[in-house]
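Engineer: I am sharing query_34.cif, which consists of mmCIF, C-alpha atoms:
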data_model
#
loop_
_atom_site.label_atom_id
_atom_site.label_comp_id
_atom_site.auth_asym_id
_atom_site.auth_seq_id
_atom_site.Cartn_x
_atom_site.Cartn_y
_atom_site.Cartn_z
CA MET A 12 -0.60 113.63 143.26
CA THR A 13 2.07 111.43 144.84
CA PRO A 14 1.03 110.48 148.35
CA SER A 15 3.38 111.67 151.02
CA LYS A 16 5.37 109.03 152.88
CA ILE A 17 5.47 111.27 155.89
CA GLN A 18 3.22 110.04 158.64
CA GLU A 19 1.26 112.96 160.02
CA PRO A 20 0.80 113.18 163.76
CA THR A 21 -2.75 112.33 164.70
CA ALA A 22 -2.69 114.76 167.59
CA GLU A 23 -0.31 117.21 169.17
CA GLY A 24 2.91 115.38 170.15
CA GLU A 25 1.49 111.95 169.45
CA ARG A 26 2.79 109.54 166.81
CA ALA A 27 0.53 107.09 165.06
CA PRO A 28 1.04 103.68 166.67
CA GLY A 29 2.87 101.27 164.40
CA PRO A 30 2.71 97.47 164.50
CA TRP A 31 6.39 97.51 165.37
CA ALA A 32 5.96 99.29 168.66
CA ALA A 33 6.85 96.33 170.87
CA PRO A 34 6.45 97.04 174.56
CA ALA A 35 9.98 95.89 175.37
CA ASP A 36 11.44 98.28 172.83
CA ILE A 37 9.55 101.42 173.80
CA GLY A 38 11.93 104.25 174.44
CA THR A 39 14.82 102.62 172.56
CA SER A 40 15.90 103.26 169.01
CA GLU A 41 17.34 99.83 168.35
CA VAL A 42 16.74 96.16 168.98
CA VAL A 43 19.68 94.07 170.17
CA LEU A 44 19.65 90.41 169.25
CA THR A 45 21.99 87.49 168.70
CA VAL A 46 22.61 86.48 165.10
CA ASN A 47 24.75 83.39 164.58
CA GLY A 48 26.22 83.87 168.01
CA GLN A 49 27.08 87.55 167.48
CA ARG A 50 25.31 90.48 169.11
CA ARG A 51 23.75 92.73 166.50
CA ALA A 52 21.56 95.79 166.56
CA VAL A 53 18.72 96.44 164.15
CA THR A 54 16.25 99.29 164.02
CA VAL A 55 12.99 99.00 165.89
CA GLY A 56 10.43 97.32 163.70
CA ALA A 57 12.97 95.50 161.54
CA THR A 58 11.86 92.07 160.32
CA VAL A 59 13.78 88.89 159.57
CA ALA A 60 13.60 89.83 155.89
CA ASP A 61 15.09 93.25 156.70
CA LEU A 62 17.93 91.55 158.57
CA LEU A 63 18.72 89.31 155.58
CA ARG A 64 18.73 92.33 153.28
CA ALA A 65 21.03 94.24 155.63
CA LEU A 66 23.45 91.29 155.64
CA HIS A 67 23.24 90.96 151.83
CA LEU A 68 21.99 87.37 152.10
CA ASP A 69 19.87 85.70 149.44
CA PRO A 70 16.84 84.20 151.25
CA ARG A 71 16.73 81.38 148.67
CA MET A 72 20.15 80.17 149.75
CA ILE A 73 19.60 80.03 153.49
CA VAL A 74 17.33 78.70 156.20
CA VAL A 75 16.35 80.92 159.12
CA GLU A 76 15.79 79.66 162.62
CA HIS A 77 14.18 82.37 164.77
CA ASN A 78 14.04 81.69 168.51
CA GLY A 79 14.34 77.97 167.80
CA GLU A 80 11.58 77.95 165.19
CA ILE A 81 12.47 77.15 161.59
CA LEU A 82 10.84 79.68 159.28
CA ARG A 83 9.36 78.97 155.91
CA ARG A 84 11.85 79.73 153.16
CA ASP A 85 9.82 82.63 151.85
CA VAL A 86 10.62 84.90 154.78
CA SER A 87 9.42 87.95 152.87
CA GLY A 88 5.90 86.51 152.85
CA THR A 89 5.66 86.17 156.62
CA PRO A 90 6.92 89.34 158.25
CA ARG A 91 8.50 88.58 161.58
CA VAL A 92 9.44 91.54 163.69
CA LEU A 93 12.66 91.13 165.62
CA ARG A 94 12.65 91.83 169.36
CA THR A 95 15.40 92.52 171.83
CA GLY A 96 16.87 89.26 173.11
CA ASP A 97 15.88 87.24 170.05
CA THR A 98 18.16 84.52 168.76
CA VAL A 99 18.50 84.11 165.01
CA GLU A 100 20.43 81.38 163.24
CA LEU A 101 21.16 81.85 159.55
CA VAL A 102 22.09 78.48 158.10
CA HIS A 103 23.15 77.15 154.72
CA PHE A 104 24.77 74.15 153.08
CA VAL A 105 28.55 73.88 153.05
CA GLY A 106 30.92 71.20 151.84
CA GLY A 107 30.78 68.02 153.88
CA GLY A 108 30.66 64.24 153.78
CA MET B 6 44.69 67.83 134.93
CA VAL B 7 42.98 64.82 133.42
CA THR B 8 39.46 65.00 132.14
CA ALA B 9 36.73 62.62 133.19
CA VAL B 10 36.44 59.34 131.31
CA THR B 11 32.74 59.07 130.60
CA SER B 12 32.72 56.11 128.24
CA VAL B 13 31.85 53.51 130.84
CA ALA B 14 30.12 50.47 129.35
CA ASP B 15 26.33 50.44 129.52
CA LEU B 16 25.55 48.62 132.74
CA SER B 17 21.80 48.46 132.32
CA THR B 18 21.94 44.89 131.06
CA LEU B 19 24.44 43.82 133.72
CA ASP B 20 23.08 45.44 136.86
CA THR B 21 19.91 46.95 138.28
CA PRO B 22 19.82 50.57 139.43
CA LEU B 23 20.39 51.41 143.08
CA THR B 24 16.90 51.89 144.52
CA ILE B 25 16.34 53.52 147.89
CA ALA B 26 12.83 54.25 149.19
CA GLY B 27 11.46 53.79 145.68
CA ARG B 28 13.86 56.25 144.12
CA GLU B 29 16.32 55.04 141.50
CA PHE B 30 19.88 56.33 141.31
CA ARG B 31 22.12 55.89 138.31
CA SER B 32 25.33 55.42 140.28
CA ARG B 33 26.18 53.21 143.25
CA LEU B 34 28.76 55.76 144.33
CA MET B 35 27.79 58.71 146.51
CA VAL B 36 30.31 61.48 147.15
CA GLY B 37 30.89 64.19 149.70
CA THR B 38 31.81 67.82 149.08
CA GLY B 39 34.15 68.50 151.99
CA LYS B 40 37.87 69.15 152.24
CA TYR B 41 38.70 69.78 148.57
CA ALA B 42 41.62 72.14 147.91
CA SER B 43 39.38 74.22 145.66
CA THR B 44 35.78 74.31 144.55
CA ALA B 45 36.86 73.84 140.93
CA LEU B 46 38.66 70.63 141.87
CA MET B 47 35.60 69.47 143.79
CA ARG B 48 33.32 70.13 140.84
CA ASP B 49 35.60 68.24 138.44
CA ALA B 50 36.07 65.31 140.82
CA ILE B 51 32.32 64.95 141.40
CA GLU B 52 31.78 65.05 137.65
CA ALA B 53 34.43 62.38 137.12
CA SER B 54 32.98 60.18 139.87
CA GLY B 55 29.69 59.83 138.00
CA ALA B 56 27.87 60.16 141.33
CA GLU B 57 24.34 61.44 141.49
CA VAL B 58 23.96 61.67 145.26
CA VAL B 59 26.14 64.40 146.75
CA THR B 60 26.33 65.06 150.48
CA VAL B 61 26.43 68.50 152.08
CA ALA B 62 26.72 69.75 155.65
CA VAL B 63 24.50 72.21 157.53
CA ARG B 64 26.35 75.14 159.06
CA ARG B 65 25.93 78.76 160.11
CA VAL B 66 26.45 81.38 157.45
CA ASP B 67 29.75 83.11 158.17
CA LEU B 68 28.58 86.70 158.55
CA ASP B 69 32.09 88.08 158.21
CA ARG B 70 32.58 86.78 154.66
CA THR B 71 29.31 85.85 153.08
CA LYS B 72 30.10 86.03 149.38
CA ASP B 73 29.65 82.83 147.40
CA GLU B 74 30.12 80.63 150.41
CA SER B 75 27.16 78.29 149.97
CA ILE B 76 28.00 74.97 148.36
CA LEU B 77 24.96 75.53 146.14
CA ALA B 78 27.06 78.01 144.17
CA HIS B 79 29.20 75.08 143.04
CA VAL B 80 26.93 72.03 143.08
CA ASP B 81 23.86 72.38 140.90
CA PRO B 82 20.84 71.04 142.83
CA ALA B 83 19.03 70.47 139.53
CA ARG B 84 21.75 68.06 138.47
CA TYR B 85 22.71 66.32 141.71
CA PHE B 86 20.61 64.84 144.49
CA LEU B 87 21.58 66.76 147.61
CA LEU B 88 21.86 64.60 150.69
CA ALA B 89 22.27 66.75 153.79
CA ASN B 90 24.12 65.25 156.72
CA THR B 91 24.02 65.92 160.44
CA ALA B 92 27.80 65.71 160.78
CA GLY B 93 29.11 67.28 163.95
CA CYS B 94 26.00 66.46 165.98
CA TYR B 95 26.64 64.69 169.27
CA SER B 96 23.06 64.37 170.49
CA VAL B 97 19.68 63.22 169.25
CA VAL B 98 18.28 66.72 169.76
CA ASP B 99 21.02 68.36 167.69
CA ALA B 100 20.85 65.78 164.90
CA CYS B 101 17.07 66.22 164.61
CA ARG B 102 17.44 70.02 164.62
CA TYR B 103 20.01 69.93 161.81
CA ALA B 104 17.86 67.49 159.81
CA ARG B 105 14.82 69.75 160.11
CA ILE B 106 16.81 72.81 159.05
CA ALA B 107 18.16 70.88 156.06
CA ARG B 108 14.67 69.85 155.04
CA ALA B 109 13.51 73.46 155.30
CA ALA B 110 15.97 74.28 152.53
CA GLY B 111 13.36 72.67 150.34
CA PHE B 112 15.26 70.16 148.22
CA ASN B 113 14.09 66.83 149.62
CA GLU B 114 13.14 64.97 152.78
CA TRP B 115 16.28 62.87 152.92
CA VAL B 116 18.96 63.01 155.56
CA LYS B 117 22.24 61.26 156.13
CA LEU B 118 21.82 60.94 159.84
CA GLU B 119 24.91 61.06 162.00
CA VAL B 120 24.93 61.06 165.79
CA ILE B 121 28.57 61.04 166.77
CA ALA B 122 29.64 59.67 170.15
CA ASP B 123 33.39 60.12 170.40
CA GLU B 124 35.43 63.07 169.25
CA ALA B 125 38.71 61.19 168.85
CA THR B 126 37.38 58.41 166.62
CA LEU B 127 34.17 60.07 165.35
CA LEU B 128 32.53 56.72 165.96
CA PRO B 129 28.73 56.85 165.92
CA ASP B 130 26.45 56.66 168.92
CA PRO B 131 24.40 53.53 168.18
CA VAL B 132 21.75 54.29 170.80
CA GLY B 133 21.40 57.90 169.69
CA VAL B 134 21.20 57.14 165.99
CA VAL B 135 18.43 54.58 166.52
CA GLU B 136 16.46 57.07 168.61
CA ALA B 137 16.96 59.92 166.13
CA THR B 138 15.97 57.64 163.25
CA ARG B 139 12.71 56.83 165.00
CA VAL B 140 11.94 60.52 165.57
CA LEU B 141 12.78 61.65 162.04
CA ALA B 142 11.13 58.72 160.26
CA ALA B 143 7.92 59.56 162.14
CA GLU B 144 8.23 63.12 160.79
CA GLY B 145 8.38 61.87 157.23
CA PHE B 146 12.12 61.95 156.69
CA GLN B 147 13.85 59.38 154.50
CA VAL B 148 16.65 58.46 156.86
CA LEU B 149 19.98 57.02 155.77
CA ALA B 150 21.59 56.18 159.08
CA TYR B 151 25.35 56.23 159.61
CA THR B 152 26.35 53.47 162.01
CA ASN B 153 29.01 51.02 163.13
CA ASP B 154 29.60 47.75 161.33
CA ASP B 155 27.39 46.12 163.95
CA LEU B 156 24.58 43.85 162.80
CA VAL B 157 22.26 44.39 165.75
CA THR B 158 22.41 48.18 165.49
CA ALA B 159 21.78 47.92 161.75
CA LEU B 160 18.72 45.74 162.37
CA ARG B 161 17.42 48.20 164.98
CA LEU B 162 17.87 51.07 162.52
CA GLU B 163 15.80 49.21 159.96
CA ASP B 164 13.12 48.60 162.61
CA ALA B 165 13.22 52.30 163.54
CA GLY B 166 12.31 53.24 159.98
CA ALA B 167 15.62 53.90 158.20
CA VAL B 168 15.30 53.60 154.40
CA GLY B 169 18.97 52.74 154.21
CA VAL B 170 21.75 51.85 156.61
CA MET B 171 25.28 53.19 156.26
CA PRO B 172 27.79 51.12 158.19
CA LEU B 173 31.37 52.37 158.24
CA ALA B 174 34.26 50.63 156.53
CA SER B 175 36.59 52.30 159.07
CA PRO B 176 36.56 55.65 160.94
CA ILE B 177 35.61 58.82 159.06
CA GLY B 178 38.54 60.31 157.17
CA SER B 179 40.91 57.47 158.18
CA GLY B 180 41.31 55.88 154.76
CA LEU B 181 41.91 52.54 156.49
CA GLY B 182 39.64 50.72 154.07
CA LEU B 183 37.25 47.89 154.82
CA LEU B 184 38.32 46.58 158.24
CA ASN B 185 35.64 43.93 158.68
CA PRO B 186 34.34 42.46 155.42
CA TYR B 187 32.57 39.71 157.36
CA ALA B 188 30.52 42.21 159.42
CA ILE B 189 29.52 44.19 156.33
CA ARG B 190 28.55 41.00 154.49
CA THR B 191 26.46 39.89 157.44
CA ILE B 192 24.66 43.23 157.63
CA LYS B 193 23.91 43.11 153.91
CA HIS B 194 22.71 39.52 154.20
CA ARG B 195 20.29 40.27 157.04
CA LEU B 196 18.85 43.68 156.15
CA GLY B 197 15.94 44.34 153.84
CA VAL B 198 16.82 48.00 153.22
CA PRO B 199 19.83 49.04 151.09
CA VAL B 200 23.27 49.04 152.71
CA ILE B 201 25.62 51.85 151.69
CA VAL B 202 29.11 51.62 153.17
CA ASP B 203 30.21 55.05 154.34
CA ALA B 204 33.53 56.28 155.74
CA GLY B 205 37.07 54.99 155.63
CA VAL B 206 37.17 53.87 151.98
CA GLY B 207 40.56 55.19 150.91
CA THR B 208 41.32 54.06 147.38
CA ALA B 209 40.05 52.06 144.41
CA SER B 210 40.90 48.64 145.83
CA ASP B 211 39.02 49.50 149.06
CA ALA B 212 35.96 50.55 147.06
CA CYS B 213 36.10 47.45 144.88
CA LEU B 214 36.54 45.09 147.83
CA THR B 215 33.64 46.78 149.61
CA MET B 216 31.32 46.38 146.63
CA GLU B 217 32.43 42.74 146.31
CA GLN B 218 30.77 42.10 149.69
CA GLY B 219 27.43 42.62 147.93
CA VAL B 220 26.50 45.97 149.43
CA ASP B 221 24.30 48.35 147.47
CA GLY B 222 26.69 51.29 147.33
CA VAL B 223 29.59 53.24 148.78
CA LEU B 224 29.88 56.82 149.98
CA MET B 225 33.27 58.54 149.79
CA ASN B 226 34.60 61.98 150.56
CA THR B 227 38.13 62.17 151.95
CA GLY B 228 39.33 59.35 149.71
CA LEU B 229 38.69 61.63 146.75
CA ALA B 230 39.32 65.05 148.28
CA ALA B 231 42.63 64.10 149.92
CA ALA B 232 44.05 62.24 146.91
CA GLN B 233 46.98 63.92 145.17
CA ASP B 234 44.83 64.07 142.05
CA PRO B 235 41.14 63.97 143.02
CA VAL B 236 39.89 63.83 139.42
CA ARG B 237 42.01 60.78 138.58
CA MET B 238 41.03 59.15 141.86
CA ALA B 239 37.33 59.86 141.24
CA THR B 240 37.63 58.18 137.85
CA ALA B 241 39.42 55.22 139.42
CA ILE B 242 36.77 54.90 142.14
CA ARG B 243 33.99 55.07 139.58
CA HIS B 244 35.50 52.11 137.77
CA ALA B 245 36.27 50.28 141.02
CA ILE B 246 32.63 50.55 142.13
CA THR B 247 31.49 49.09 138.81
CA ALA B 248 34.19 46.39 138.94
CA GLY B 249 33.33 45.38 142.49
CA ARG B 250 29.61 45.34 141.79
CA LEU B 251 29.93 43.21 138.68
CA ALA B 252 32.40 40.86 140.38
CA PHE B 253 29.88 40.36 143.19
CA LEU B 254 27.04 39.71 140.75
CA ALA B 255 29.24 37.41 138.68
CA GLY B 256 30.05 35.29 141.73
CA ARG B 257 33.69 34.62 142.42
CA MET B 258 35.32 31.20 142.20
CA PRO B 259 35.76 29.34 145.44
CA ARG B 260 39.04 29.80 147.28
CA ARG B 261 41.16 26.63 147.35
CA GLU B 262 44.41 26.16 149.17
CA VAL B 263 45.74 23.83 146.48
CA ALA B 264 46.91 24.57 142.98
CA VAL B 265 44.80 23.39 140.07
CA PRO B 266 46.43 23.69 136.66
CA SER B 267 44.70 25.77 134.02
CA SER B 268 46.35 23.86 131.18
CA PRO B 269 45.75 20.15 130.42
CA ARG B 270 47.88 17.63 132.32
CA SER B 271 47.64 15.30 129.32
CA GLY B 272 49.25 15.70 125.92
CA MET B 273 52.67 16.54 127.25
CA LEU B 274 55.54 15.70 124.92
CA GLY B 275 57.26 12.30 125.37
#
Can you present the structure in this file as structure tokens?
Structural biologist:
Amino acid sequence: MTPSKIQEPTAEGERAPGPWAAPADIGTSEVVLTVNGQRRAVTVGATVADLLRALHLDPRMIVVEHNGEILRRDVSGTPRVLRTGDTVELVHFVGGG
Amino acid sequence: MVTAVTSVADLSTLDTPLTIAGREFRSRLMVGTGKYASTALMRDAIEASGAEVVTVAVRRVDLDRTKDESILAHVDPARYFLLANTAGCYSVVDACRYARIARAAGFNEWVKLEVIADEATLLPDPVGVVEATRVLAAEGFQVLAYTNDDLVTALRLEDAGAVGVMPLASPIGSGLGLLNPYAIRTIKHRLGVPVIVDAGVGTASDACLTMEQGVDGVLMNTGLAAAQDPVRMATAIRHAITAGRLAFLAGRMPRREVAVPSSPRSGMLG
């Protein structure tokens, strides 16, 4: 039998707590952050890897700086949940001398 | 369009390889990747130049048009040695941040360190570049430091841990050529680490004259990219670098302000 992806309520009116339930984001449906100087909204619980996927960026071609911290290239291996107010810089190599 | 002339004479018996921080490079010419009219032209010019070290800049991804924008789509990192620069950085903090981001890309620990001081001339900040060199060298970077043609700054960069010093020939993108051969010669004479002249080299004669000062190499970008025919110019520069290097090693004749005949004075007809 294929397991259901639907998360059953554990009790009447109560959702199972997810790791993404950041206190600052409770009661909102999206997280607003700054990506390369632009304000962007992502869904609650979205990670850096999710953001790259949404922007159609190849993680192998870019470097991510999250709140001033440079992330390891393999961003999919270290899930980082985005929070409201975060600053993300997506950087790559361009032509230059 | 002309194709690259690859049949350059085997130099292995005439010259030693350029060695920086224990790493050998097959060409004494390094080239940049900026300002070309097209990526195809850039690729062909780099190929024609024979360069192995290719510089790149660190910038934000443009989120509004992300397709194929990375230089890595056009410069094969398996074939060329990518040297990231910190161009555009006006502070030690920024330059170190850009260097760390470049290293995180995972190609190497090298950086062409620029700390710019003045927007009009793009002249380097000698105090800042020495400080940033010290910070990055302590973090394990192999620092090639862009600097003025000033001996004392060059010596301080070597003391700070730079594996190579890159004095300018003239301001970035100016094409004014080698303005102070004496200063460059002095720097080369006094430093233990390799000296690569960077910026301002505009054409083949500039490149040749620069190499004739005895420096270890030359880095060019605008001189190739802004030529009417970058592939021809890259070929010319490649030969000029070889010519200048061999002329330096050969040792030129002394300059004399009197004429000395090349043909015998004796044996003239009566």
Engineer: Expand the PyMOL selection byres ((chain A) within 6 of (chain B)) into the explicit residue set it covers here, and present it as a list in words.
Structural biologist: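 Against this file, the PyMOL selection byres ((chain A) within 6 of (chain B)) returns the residues Val74, Leu101, Val102, His103, Phe104, Val105, Gly106, Gly107 and Gly108 of chain A.
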Engineer: On this structure, which residues satisfy the PyMOL selection byres ((chain B and resi 187-196) around 6), written as a PDB file with C-alpha atoms, in the frame of the given file?
Structural biologist:
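Result written to result-v6.pdb:
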ATOM      1  CA  ASP B 154      29.600  47.750 161.330  1.00  0.00           C
ATOM      2  CA  LEU B 156      24.580  43.850 162.800  1.00  0.00           C
ATOM      3  CA  ASN B 185      35.640  43.930 158.680  1.00  0.00           C
ATOM      4  CA  PRO B 186      34.340  42.460 155.420  1.00  0.00           C
ATOM      5  CA  GLY B 197      15.940  44.340 153.840  1.00  0.00           C
ATOM      6  CA  VAL B 198      16.820  48.000 153.220  1.00  0.00           C
ATOM      7  CA  GLN B 218      30.770  42.100 149.690  1.00  0.00           C
ATOM      8  CA  VAL B 220      26.500  45.970 149.430  1.00  0.00           C
TER       9      VAL B 220
END
Engineer: Any chance you could resolve the PyMOL selection byres ((chain A and resi 52) around 6) against this file and give the residues as a PDB file with C-alpha atoms, keeping the file's coordinate frame?
Structural biologist:
ATOM      1  CA  VAL A  42      16.740  96.160 168.980  1.00  0.00           C
ATOM      2  CA  VAL A  43      19.680  94.070 170.170  1.00  0.00           C
ATOM      3  CA  ARG A  51      23.750  92.730 166.500  1.00  0.00           C
ATOM      4  CA  VAL A  53      18.720  96.440 164.150  1.00  0.00           C
TER       5      VAL A  53
END
Engineer: Excluding A:Leu93 and any residue of its chain fewer than 4 positions from it, enumerate the residues within 12 Å of it, using all atoms listed in the file, and give them as a PyMOL selection string.
Structural biologist: chain A and resi 30-33+35-36+41-46+51-63+77-78+97-99
Engineer: To one decimal place, how far is atom CA of B:Asp130 from atom CA of B:Leu34 in Å?
Structural biologist: 24.7 Å
Engineer: Mind giving me the straight-line distance from atom CA of B:Thr126 to atom CA of B:Ile242 in Å, one decimal?
Structural biologist: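 Separation between atom CA of B:Thr126 and atom CA of B:Ile242: 24.7 Å.
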Engineer: Which one of B:Cys101, B:Ile51, B:Leu16, B:Ile201 sits closest to B:Met238 if you count only C-alpha atoms?
Structural biologist: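 Among the listed residues, B:Ile51 lies closest to B:Met238.
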Engineer: When you draw a straight line from atom CA of B:Leu214 to atom CA of B:Leu127, how long is it in Å?
Structural biologist: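 Taking atom CA of B:Leu214 as the start and atom CA of B:Leu127 as the end point, the length is 23.2 Å.
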Engineer: Residues near B:Glu217, anyone? I mean within 8 Å using all atoms listed in the file, not counting same-chain ones fewer than 4 positions away, as a ChimeraX atom specification.
Structural biologist: /B:213,249-250,252-253
Engineer: Which protein, DNA or RNA residues are at most 7 Å from (26.9, 54.8, 139.3) in the file's coordinates when you count all atoms listed in the file, listed as a list of chain:residue names?
Structural biologist: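 The distance filter leaves exactly B:Arg31, B:Ser32, B:Arg33, B:Leu34, B:Gly55, B:Ala56.
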